[in-house]
Amino acid sequence: MGLIRRIVSLGKLAQPQPSLDPAREIRPDLSSGSLVLRHVDAGSCNGCEIELSACFSPIYDLESFGVSLTASPRHADGLVVTGVVTRNMQKPLMDAYIATPGPKAVVALGDCAINCNGLREGYGVTGAVADHLDVDLEIPGCPPEPAEIVAALRRVSKR
Amino acid sequence: MNALTQGDVTTRPLSGGAKSQRWIVASNIATLGAGVAGVVLGLEGLVGHGFAFLASGVVPPFGLSIRTTDLGSFFVILISLVATCVALYNFGYAKSGHLSAISLAIFPIFVATLEIIPLTASIPSFLFFWELMAIESICLVLDHYQRERAQHAALLYAAVTQLGFFSILGFFALVASRSHGLNFLTLQNAVASLSPGQRNLAFVLALVGFGSKAGLVPLHAWLPKAHPEAPAPASALMSTAMVSLGIFGLIKFVVVLMAGGPTWWGMLLLGIGAISSIYGVIESSVSSDLKVLLAYSTTENMGLATLALGTSLVMTSTHHPNLAWAAAVATVFILGSHAMFKGLAFLAAGTVGLETGTTDLNALGGLTRRMRFTSGAFGIAALSASGLPLGAAFIGEWILLQSLIHLGPANGLVALAAPLTIGAIALTSGIGLLTMVKAFGIGFLGKARSDLGEGLEERFGVMQFAMSLLVVANLAIALLPTAFGSVVKRVAWATPLHSLHGSGQGQLGQLTVYGLTGSIFPLASAVLFTLAVLATATVIKLRKRSRPSDADVDLWACGARDLNSAMQYNASSFAEPLERVFADVIRPKRDVEIITFEESRLLISRVELRSTPHDSIESALYLRVWAIASYGGRLARLAHNGSLNRYLAFGAAGLLVVLAVLH
Amino acid sequence: MSYLALLIQLSFVGLGSPALIGMMAWIKNRLEGRRGASVAQPWREIRKLFSKQIMNPKHTGAFFSIGPLLFFASTAVVAAMIPLITTELPLHASFDLFWVVGFLLIGTIALSLAGLDTGTSFGGMGSSRELTVVALLEPSILMAIYALSIRANSSNIFAIANATALHPARIASPASALAFAALVIVVIAEAGRLPVDNPATHLELTMIHEAMVLEYSGYRLALVKWAAAVRLLLLLGLISNLFLPVGLATTNGIGAMAIGLVLVAAKIALLGSLLAIAEVFMAKLRLFRVPELLGGSFVLGLLAVTISYYLPAATR
Ligand code: SF4
C-alpha cells in the first residue's frame, strides 16, 4: 500500500528535455529510432559511469529517447567508451568493437576518452579512444552532466 | 559414473581372418532372416488368416504349442521390425570386432526366441522360451565378461530375472490349479472358478514376474547396469523387444486370461506405473552416460505403458468402456513408439560408442559436424522420445490424456486418481523433455569435450541405412498415426475391454479417438511448420541486400577469450538445477576435492567437484535384501560342515517329516 | 473466407505483439515516474535488427543458425491454431490445447538447443535453467488444461470457449477462478515475465531466456524478440478467450470479425496492463524458489479439478 501511495504522490519525475534539433543529427545510417549501446569502461575513474547511469534514472530517462544499454555487443548498435584506454583494456575494447554488428557507432564519453585528460603520459595508457577507433560522437566534460549526455546521444538516436 | 562409461571402449576383435568374417556374415544373415520371417509371420497373424499348430515332443518336453492372436502378432511385428534393423546394423557393427563370437551366435537365436514368446499358446511352451530369453540376454550382457562391472550387472540381472521367473511360475501354478489342461484357451475358462483371494494373489505374482522384466520400480535396477555392458545392438533389442514382453505378459495374462479384476488392480498398476515413470525419468535426467540415460528412460516409458494399462483397467471396472478402449489404444501406441525411438537411440549411441570409443556425455559433444547421420538419427529419436508434438511418443500420451480428461464427474478414489495421474504424466514428460535435450544437446551439439574421435568423417553405410529405417518408422508414427488405426484397433480390441469402432480417420490425417471429442492434425501441422520455416528463410534471404554482408567472427562468450571446451555446460551441470529440486529423491553424492601445491597448503592448484547421482531405491532396498540374503547364506553354511553323518541325519529327518505329513 | 480470417489474425498478432510489449513497458515506466518510451519502440527495434549485420561465430553448429527460425516458425504455427478473432479458422477441429501448448514448447526447445550449440557457458546455463522451469511447468499446464476441459468435456479450445459462452454464470465458479489463477502463473512462467524471469535483465546470475540469445545478432535476434512478443500476446489472448469469450466471432462476417478484433485487442490490452502493473510490485524470485511458485500453480489446478468433481453440477 505504501508503494501505491508513493506512486500516486510522486507522479512523473522526469524532467522535460529540450526538443531535438534535426540539424545536429549525425550518422543517418542509424536512423531507426532505436540505439542500443554497449558500455566499455576502458580505464575510467568511474565518475563518467555514475553520470551515465544517472541518465537512465527516472529524472533523465534516456530510454524514453530510444537509447538503451545491453550486455552483449551482438545486440548493440555501438559502443560507449569511458576513460583513457589502458593497456589491459585495449584488447577487450577492440574485441567488443569487432563483436558489434554493423552499422555501428562509437561514442567517447568524458574528457579522458576524448583526449586522455592529462593522463596521456601514464605508463599504462595507450591513448584516447580516437587513437584506436573511429569516434562518431564526443561528449566532453569531466564528467559530463547527464543532461549533456542525453542531448548528445539523442543526436544519434534521433528521438 | 566414470567406470560405467567404458561401454564400448575395450575392443576384442575376433581373431581376424576370413573365417571370422564368414562367421559374422552367417550370424547376421540368420538374424536378418529371423527378423524378416517375424515380420511376415506377424503380418500373417494380424491381417492374414493366422495359424496354430502343436508340435509334440520337439524342443520343450511338453511340446511346442503355437497360436496367433492379434495381440501376439502385434508384438511379433514390433519385435521383428527392431530385430531386422538391428540385424542390418550388425553388418557394420560386427565388422569392427565389437561383438564376441558367442554374442554373434546368440543373436539369431535371441531374436527367434523373442518372436516365438508372444505366439506360444501353452504354459510349458511359454515358460521354456521365457527362460531361454533370460539366459540368452544374460549371455549378451556378459559380452565383455572380463569386466567386473559386466559380471556384477549380469549377476544382478540374473537374480532379478529369476525372482521374476519364480513369480511367473507361482502365477501359473495358481491359475492352472483348477484347469484340466495347460493350454491358454483351457486356462481361460478355469480362472473364473478361482476364489477372489487366489485371483488377487495370482495378479500380484504376475505383476512381480512381468514387472521385473519390464523394469518397473523397484525391480528396475538391472536395466541401467546391464545396458551399458551389453553391446549396443543387444541393448537395442533388450530395451525395446524384451522389456515390451513384460508389458505383453501383463496384458496377456492379467487383462486377457484373467479378464481384469477389481478396481484396485488397475489402481495398483496405475500407481506403480506412475512411480516408475517419474522415478525413471528423474534418474534418467541426472545420468551422464548416454546408455545409462537411455536405460532409465526405458523404465520411464514402461512405467507410462503400465500406467496406461492401469488406466484402461480402472476405466473398465468403473464402467467407462470407451475410455478403457482409448487407454488400451494409448498403451499400444506407447509400446510401439517406444520400441521405435529407443531402438533408434540405442543404435545411434552404439555408433557414437564405436566411432569415439565412449558414451560418456561429459566426453562427447560437437558430433553434428563429424557424425552427421548419427546425429540426425539421434535427434529424431530424442524428438520422438521427448513427447513433443511431431514426435512419436506424443501420440500415445495424447490419447491417454484424452481418455483421462473425458472421465467426467467420478467419485471416490477415481476422482482423485485421474488428476494425479495427469500430474504424473505431465511431470514425466516435462523432465523427459529436459533429459532428451540434454542427451542430444550435450552429447551432439556444442564443442567436442575431448579429442576422442577427432577428424571423423561419417559416411552413409549399412549402419546408417539401418538407422534411417527406424527414422522413417518414427516419423510415420508421429505424423501419420491414423495409418496404424486399423492395426491398433484390432490389437486394442484384442484386449477385450469393449467393443467400439476404431479411431476415426478424417481429412488431412486428422487423429480422433472414437467416442471422444477432440482431434489433432499431426501431418497438417508438420506441413504448416515446414512452410513457416521456409517462408521465413526466404523472406530473410530476399532482404539480404538491405543489410551489411555477414561476418565470420569469434564467439563473443561475454568477452571470454581462449574459450575451451571445458567451459561449456556438461551433462552434470545441465541437470544440476533439477538435481537440486529433486535432491530428496536422488540424494546425489557430492565430493569436493581440493588439491594444493606442494609448496604451501594455502595455494590451491585445482578444485574438483564431483556430484554422483545414485539410485536411492537401489541402495535402500537392494542392499538390505542383499544383507538379509547373505545372512541367510551364512546360517545355511552352518549346516553344511562337510560331515557325512550330519547329511545323513538331515536326510533321515526330512524323510521322517514327509512320512509324518503324509500320514 | 476462413483463410481471410486467418490472414487478419496473423497480421493482428504480428503487428500487435510489439505494441503489447511497448504498452506494458510504458505502463511500468509511468508507474516508476518515468516519461516512458513510445509504445512503438519495440517495433523500431525489431525493424532495425532486420537490417543489421549477421555475425556468424566460428565453431557453432547448424542449430545455432536455425534455432531462431524454428522458434519463430513454431510460434507462427501456434498463431494460426488459436481462435483469437473468430472460431472459423481453417482446421479448427485441431485447436487442441495439449497440441498447442506442446507446439509452443517445440520453439522453446529449438532455442535451448541453439544455446547449447554455441558451446559457451552462458548458452548452456540459459538452456539448463529454461528447461528446468519448463519441466516443472508442464504439470501445471496440463492440470490447468484438465481443469478447463472438464466443463466442456473436451480439450478443444473452441469447445471450451463455447461451453463458457453457453453458461456464462460458470465463469464465477470457484473451480473456474482456481483454474484461472493456475493458468496465469503458467502464462507468466511460459512468457518469461517477472517473477520467474526478468526480460529486461542483463545480469548473468539472473538470466534465463536472455542467456540463450546472447550470441545472436541481426535478424536472428529480431526473430527471437518478435516471437517472444507474439508468444506473450497469444498466451494472453488464449486466456481471455478461454475465460471470457465475449466477442469471439462464430461466423466469418466482416462485422462480426471487426467486433471480435476490437474486443480481443481490448481484452489482451487489459490483461497486459494488469500484468505490467503487478510487475511493478514484484521482484524476481530466486531460481530455486521458482519450483515453489510452479508447485503452487499445480495445486491450484488440482483443486480446480477436484472441486469440479465433488461440487454439484449446478455450481461447477
Ligand atoms: S572524464 Fe573525468 S570523470 Fe570521466 S573518467 Fe575521466 S576523470 Fe573520470
# chains A, B, ... in the order shown; residues from 1 in each chain; ligands from 1
$ residues_around --residues "range 142-144 of chain A" --least-positions-apart "2" --cutoff "7 Å" --atoms "only C-alpha atoms" --output "compact mmCIF listing (two decimals) with all heavy atoms, in the first residue's frame"
# COMPACT_ATOMS: atom_id res chain seq x y z
N GLY A 47 33.73 8.12 -12.55
CA GLY A 47 32.90 9.32 -12.50
C GLY A 47 31.93 9.35 -13.66
O GLY A 47 30.74 9.63 -13.51
N CYS A 48 32.44 9.03 -14.85
CA CYS A 48 31.59 9.03 -16.03
C CYS A 48 30.49 7.98 -15.91
O CYS A 48 29.37 8.20 -16.37
CB CYS A 48 32.41 8.77 -17.29
SG CYS A 48 33.42 10.19 -17.75
N GLY A 110 33.28 11.59 -21.95
CA GLY A 110 34.16 12.18 -20.94
C GLY A 110 35.49 12.59 -21.52
O GLY A 110 35.94 12.07 -22.55
N ASP A 111 36.15 13.52 -20.86
CA ASP A 111 37.41 14.07 -21.36
C ASP A 111 38.49 13.00 -21.50
O ASP A 111 39.30 13.03 -22.42
CB ASP A 111 37.90 15.18 -20.43
CG ASP A 111 37.07 16.45 -20.62
OD1 ASP A 111 36.34 16.51 -21.65
OD2 ASP A 111 37.12 17.34 -19.76
N ILE A 139 31.50 13.39 -26.16
CA ILE A 139 30.71 14.10 -25.16
C ILE A 139 31.69 14.63 -24.12
O ILE A 139 32.12 13.89 -23.23
CB ILE A 139 29.68 13.17 -24.49
CG1 ILE A 139 28.85 12.45 -25.57
CG2 ILE A 139 28.76 13.95 -23.56
CD1 ILE A 139 27.88 11.44 -25.04
N PRO A 140 32.11 15.88 -24.22
CA PRO A 140 33.14 16.39 -23.33
C PRO A 140 32.61 16.67 -21.93
O PRO A 140 31.41 16.80 -21.72
CB PRO A 140 33.58 17.68 -24.02
CG PRO A 140 32.44 18.07 -24.89
CD PRO A 140 31.66 16.85 -25.21
N PRO A 146 24.56 14.68 -16.92
CA PRO A 146 23.60 13.76 -17.56
C PRO A 146 22.81 14.45 -18.67
O PRO A 146 22.60 13.85 -19.73
CB PRO A 146 22.69 13.35 -16.41
CG PRO A 146 23.51 13.49 -15.19
CD PRO A 146 24.46 14.62 -15.45
N GLU A 148 23.72 16.74 -20.62
CA GLU A 148 24.54 16.84 -21.83
C GLU A 148 24.65 15.48 -22.53
O GLU A 148 24.60 15.40 -23.76
CB GLU A 148 25.96 17.31 -21.46
CG GLU A 148 26.03 18.75 -20.98
CD GLU A 148 27.36 19.06 -20.32
OE1 GLU A 148 28.34 18.29 -20.53
OE2 GLU A 148 27.43 20.05 -19.59
N ILE A 149 24.79 14.44 -21.73
CA ILE A 149 24.88 13.10 -22.33
C ILE A 149 23.59 12.79 -23.07
O ILE A 149 23.60 12.31 -24.21
CB ILE A 149 25.14 12.02 -21.24
CG1 ILE A 149 26.42 12.36 -20.47
CG2 ILE A 149 25.22 10.65 -21.87
CD1 ILE A 149 26.70 11.40 -19.34
$ residues_around --residues "Val224 in chain C" --least-positions-apart "3" --cutoff "8 Å" --atoms "only C-alpha atoms" --output "count of residues only"
8
$ interface_residues --of "chain A" --to "chain B" --cutoff "10 Å" --atoms "only C-alpha atoms" --output "ChimeraX atom specification"
/A:71-74,92-93,95-96,98-103
$ write_last_selection --atoms "all heavy atoms" --output "mmCIF file, in the first residue's frame"
data_model
loop_
_atom_site.group_PDB
_atom_site.id
_atom_site.type_symbol
_atom_site.label_atom_id
_atom_site.label_comp_id
_atom_site.auth_asym_id
_atom_site.auth_seq_id
_atom_site.Cartn_x
_atom_site.Cartn_y
_atom_site.Cartn_z
ATOM 1 N N ALA A 71 23.974 -5.988 -22.551
ATOM 2 C CA ALA A 71 25.119 -6.730 -22.039
ATOM 3 C C ALA A 71 25.963 -7.297 -23.162
ATOM 4 O O ALA A 71 27.150 -7.507 -23.011
ATOM 5 C CB ALA A 71 24.636 -7.867 -21.137
ATOM 6 N N SER A 72 25.339 -7.592 -24.287
ATOM 7 C CA SER A 72 26.052 -8.275 -25.364
ATOM 8 C C SER A 72 26.259 -7.325 -26.537
ATOM 9 O O SER A 72 25.307 -6.762 -27.052
ATOM 10 C CB SER A 72 25.250 -9.486 -25.819
ATOM 11 O OG SER A 72 25.832 -10.019 -26.979
ATOM 12 N N PRO A 73 27.501 -7.130 -26.984
ATOM 13 C CA PRO A 73 27.727 -6.264 -28.144
ATOM 14 C C PRO A 73 27.016 -6.769 -29.399
ATOM 15 O O PRO A 73 26.762 -6.002 -30.307
ATOM 16 C CB PRO A 73 29.248 -6.279 -28.311
ATOM 17 C CG PRO A 73 29.712 -7.441 -27.543
ATOM 18 C CD PRO A 73 28.739 -7.680 -26.456
ATOM 19 N N ARG A 74 26.703 -8.065 -29.436
ATOM 20 C CA ARG A 74 25.969 -8.597 -30.578
ATOM 21 C C ARG A 74 24.610 -7.917 -30.716
ATOM 22 O O ARG A 74 24.049 -7.853 -31.781
ATOM 23 C CB ARG A 74 25.718 -10.084 -30.387
ATOM 24 C CG ARG A 74 26.953 -10.892 -30.398
ATOM 25 C CD ARG A 74 27.195 -11.461 -31.773
ATOM 26 N NE ARG A 74 28.196 -12.503 -31.691
ATOM 27 C CZ ARG A 74 29.470 -12.322 -31.940
ATOM 28 N NH1 ARG A 74 29.906 -11.142 -32.293
ATOM 29 N NH2 ARG A 74 30.328 -13.322 -31.853
ATOM 30 N N PRO A 92 40.287 -5.974 -24.949
ATOM 31 C CA PRO A 92 38.838 -6.139 -24.761
ATOM 32 C C PRO A 92 38.027 -5.080 -25.498
ATOM 33 O O PRO A 92 36.957 -5.396 -26.033
ATOM 34 C CB PRO A 92 38.669 -6.001 -23.249
ATOM 35 C CG PRO A 92 39.949 -6.466 -22.692
ATOM 36 C CD PRO A 92 41.001 -6.039 -23.662
ATOM 37 N N LEU A 93 38.547 -3.859 -25.555
ATOM 38 C CA LEU A 93 37.811 -2.810 -26.271
ATOM 39 C C LEU A 93 37.699 -3.164 -27.748
ATOM 40 O O LEU A 93 36.624 -3.081 -28.348
ATOM 41 C CB LEU A 93 38.536 -1.472 -26.092
ATOM 42 C CG LEU A 93 37.974 -0.311 -26.909
ATOM 43 C CD1 LEU A 93 36.561 0.013 -26.446
ATOM 44 C CD2 LEU A 93 38.855 0.921 -26.767
ATOM 45 N N ASP A 95 37.979 -6.133 -29.027
ATOM 46 C CA ASP A 95 37.114 -7.325 -29.124
ATOM 47 C C ASP A 95 35.654 -6.918 -29.169
ATOM 48 O O ASP A 95 34.877 -7.403 -29.998
ATOM 49 C CB ASP A 95 37.329 -8.234 -27.911
ATOM 50 C CG ASP A 95 38.579 -9.080 -28.054
ATOM 51 O OD1 ASP A 95 39.150 -9.071 -29.153
ATOM 52 O OD2 ASP A 95 38.968 -9.730 -27.067
ATOM 53 N N ALA A 96 35.287 -6.015 -28.259
ATOM 54 C CA ALA A 96 33.889 -5.599 -28.195
ATOM 55 C C ALA A 96 33.498 -4.889 -29.480
ATOM 56 O O ALA A 96 32.384 -5.062 -29.984
ATOM 57 C CB ALA A 96 33.662 -4.695 -26.987
ATOM 58 N N ILE A 98 34.806 -5.361 -32.487
ATOM 59 C CA ILE A 98 34.680 -6.346 -33.564
ATOM 60 C C ILE A 98 33.385 -7.141 -33.403
ATOM 61 O O ILE A 98 32.739 -7.506 -34.383
ATOM 62 C CB ILE A 98 35.905 -7.285 -33.557
ATOM 63 C CG1 ILE A 98 37.151 -6.495 -33.952
ATOM 64 C CG2 ILE A 98 35.716 -8.446 -34.508
ATOM 65 C CD1 ILE A 98 38.430 -7.247 -33.721
ATOM 66 N N ALA A 99 32.993 -7.396 -32.161
ATOM 67 C CA ALA A 99 31.808 -8.215 -31.924
ATOM 68 C C ALA A 99 30.517 -7.475 -32.217
ATOM 69 O O ALA A 99 29.456 -8.084 -32.238
ATOM 70 C CB ALA A 99 31.807 -8.713 -30.482
ATOM 71 N N THR A 100 30.590 -6.174 -32.428
ATOM 72 C CA THR A 100 29.368 -5.412 -32.663
ATOM 73 C C THR A 100 29.007 -5.455 -34.144
ATOM 74 O O THR A 100 29.860 -5.157 -34.979
ATOM 75 C CB THR A 100 29.573 -3.956 -32.225
ATOM 76 O OG1 THR A 100 30.120 -3.960 -30.914
ATOM 77 C CG2 THR A 100 28.270 -3.199 -32.231
ATOM 78 N N PRO A 101 27.782 -5.827 -34.464
ATOM 79 C CA PRO A 101 27.406 -5.886 -35.872
ATOM 80 C C PRO A 101 27.188 -4.491 -36.449
ATOM 81 O O PRO A 101 26.765 -3.574 -35.754
ATOM 82 C CB PRO A 101 26.101 -6.682 -35.858
ATOM 83 C CG PRO A 101 25.529 -6.482 -34.509
ATOM 84 C CD PRO A 101 26.685 -6.266 -33.584
ATOM 85 N N GLY A 102 27.529 -4.322 -37.724
ATOM 86 C CA GLY A 102 27.360 -3.025 -38.362
ATOM 87 C C GLY A 102 25.942 -2.801 -38.818
ATOM 88 O O GLY A 102 25.190 -3.759 -38.920
ATOM 89 N N PRO A 103 25.562 -1.572 -39.100
ATOM 90 C CA PRO A 103 26.317 -0.336 -38.900
ATOM 91 C C PRO A 103 26.429 0.009 -37.417
ATOM 92 O O PRO A 103 25.480 -0.158 -36.683
ATOM 93 C CB PRO A 103 25.481 0.701 -39.644
ATOM 94 C CG PRO A 103 24.090 0.146 -39.656
ATOM 95 C CD PRO A 103 24.237 -1.338 -39.684
#
$ interface_residues --of "chain C" --to "chain B" --cutoff "6 Å" --atoms "only C-alpha atoms" --output "list in words"
Ser51, Lys52, Gln53, Ile54, Met55, Asn56, Pro57, Lys58, Ala73, Ser94, Gly102, Leu113, Leu116, Asp117, Thr118, Gly119, Thr120, Ser121, Gly124, Ser128, Leu131, Thr132, Ala135, Glu138, Pro139, Asn153, Ser154, Asn156 and Tyr309 of chain C
$ closest_residue --among "C:Pro195, C:Pro174, C:Gly61, C:Gly218" --to "chain A" --atoms "only C-alpha atoms"
C:Gly218
$ select_by_dssp --residues "range 194-231 of chain C" --states "alpha helix (DSSP H)" --output "ChimeraX atom specification"
/C:209-212,218-231
$ write_last_selection --atoms "N, CA and C atoms" --output "PDB file, in the first residue's frame"
ATOM      1  N   HIS C 209      16.137 -16.668 -20.090  1.00  0.00           N
ATOM      2  CA  HIS C 209      15.918 -16.612 -21.532  1.00  0.00           C
ATOM      3  C   HIS C 209      17.035 -15.835 -22.232  1.00  0.00           C
ATOM      4  N   GLU C 210      17.399 -14.697 -21.647  1.00  0.00           N
ATOM      5  CA  GLU C 210      18.397 -13.836 -22.292  1.00  0.00           C
ATOM      6  C   GLU C 210      19.722 -14.551 -22.501  1.00  0.00           C
ATOM      7  N   ALA C 211      20.056 -15.442 -21.573  1.00  0.00           N
ATOM      8  CA  ALA C 211      21.360 -16.087 -21.659  1.00  0.00           C
ATOM      9  C   ALA C 211      21.492 -16.942 -22.912  1.00  0.00           C
ATOM     10  N   MET C 212      20.364 -17.459 -23.398  1.00  0.00           N
ATOM     11  CA  MET C 212      20.442 -18.323 -24.572  1.00  0.00           C
ATOM     12  C   MET C 212      20.650 -17.528 -25.854  1.00  0.00           C
ATOM     13  N   GLY C 218      21.402  -9.233 -35.505  1.00  0.00           N
ATOM     14  CA  GLY C 218      20.639  -9.044 -36.733  1.00  0.00           C
ATOM     15  C   GLY C 218      19.283  -9.719 -36.715  1.00  0.00           C
ATOM     16  N   TYR C 219      18.923 -10.285 -37.880  1.00  0.00           N
ATOM     17  CA  TYR C 219      17.566 -10.825 -37.992  1.00  0.00           C
ATOM     18  C   TYR C 219      17.320 -11.982 -37.038  1.00  0.00           C
ATOM     19  N   ARG C 220      18.385 -12.698 -36.670  1.00  0.00           N
ATOM     20  CA  ARG C 220      18.182 -13.815 -35.744  1.00  0.00           C
ATOM     21  C   ARG C 220      17.641 -13.292 -34.417  1.00  0.00           C
ATOM     22  N   LEU C 221      18.249 -12.232 -33.940  1.00  0.00           N
ATOM     23  CA  LEU C 221      17.773 -11.637 -32.692  1.00  0.00           C
ATOM     24  C   LEU C 221      16.374 -11.071 -32.884  1.00  0.00           C
ATOM     25  N   ALA C 222      16.149 -10.464 -34.060  1.00  0.00           N
ATOM     26  CA  ALA C 222      14.832  -9.889 -34.323  1.00  0.00           C
ATOM     27  C   ALA C 222      13.765 -10.965 -34.277  1.00  0.00           C
ATOM     28  N   LEU C 223      14.061 -12.110 -34.890  1.00  0.00           N
ATOM     29  CA  LEU C 223      13.081 -13.203 -34.886  1.00  0.00           C
ATOM     30  C   LEU C 223      12.786 -13.656 -33.463  1.00  0.00           C
ATOM     31  N   VAL C 224      13.845 -13.786 -32.662  1.00  0.00           N
ATOM     32  CA  VAL C 224      13.644 -14.244 -31.293  1.00  0.00           C
ATOM     33  C   VAL C 224      12.801 -13.243 -30.520  1.00  0.00           C
ATOM     34  N   LYS C 225      13.140 -11.968 -30.656  1.00  0.00           N
ATOM     35  CA  LYS C 225      12.400 -10.951 -29.898  1.00  0.00           C
ATOM     36  C   LYS C 225      10.951 -10.884 -30.349  1.00  0.00           C
ATOM     37  N   TRP C 226      10.780 -10.922 -31.656  1.00  0.00           N
ATOM     38  CA  TRP C 226       9.426 -10.821 -32.190  1.00  0.00           C
ATOM     39  C   TRP C 226       8.591 -12.014 -31.721  1.00  0.00           C
ATOM     40  N   ALA C 227       9.177 -13.222 -31.878  1.00  0.00           N
ATOM     41  CA  ALA C 227       8.425 -14.415 -31.499  1.00  0.00           C
ATOM     42  C   ALA C 227       8.096 -14.398 -30.009  1.00  0.00           C
ATOM     43  N   ALA C 228       9.024 -13.907 -29.194  1.00  0.00           N
ATOM     44  CA  ALA C 228       8.749 -13.851 -27.757  1.00  0.00           C
ATOM     45  C   ALA C 228       7.564 -12.935 -27.490  1.00  0.00           C
ATOM     46  N   ALA C 229       7.509 -11.813 -28.221  1.00  0.00           N
ATOM     47  CA  ALA C 229       6.379 -10.903 -28.050  1.00  0.00           C
ATOM     48  C   ALA C 229       5.078 -11.565 -28.500  1.00  0.00           C
ATOM     49  N   VAL C 230       5.155 -12.255 -29.634  1.00  0.00           N
ATOM     50  CA  VAL C 230       3.962 -12.933 -30.149  1.00  0.00           C
ATOM     51  C   VAL C 230       3.463 -13.960 -29.144  1.00  0.00           C
ATOM     52  N   ARG C 231       4.397 -14.677 -28.525  1.00  0.00           N
ATOM     53  CA  ARG C 231       4.004 -15.699 -27.557  1.00  0.00           C
ATOM     54  C   ARG C 231       3.228 -15.089 -26.406  1.00  0.00           C
TER      55      ARG C 231
END
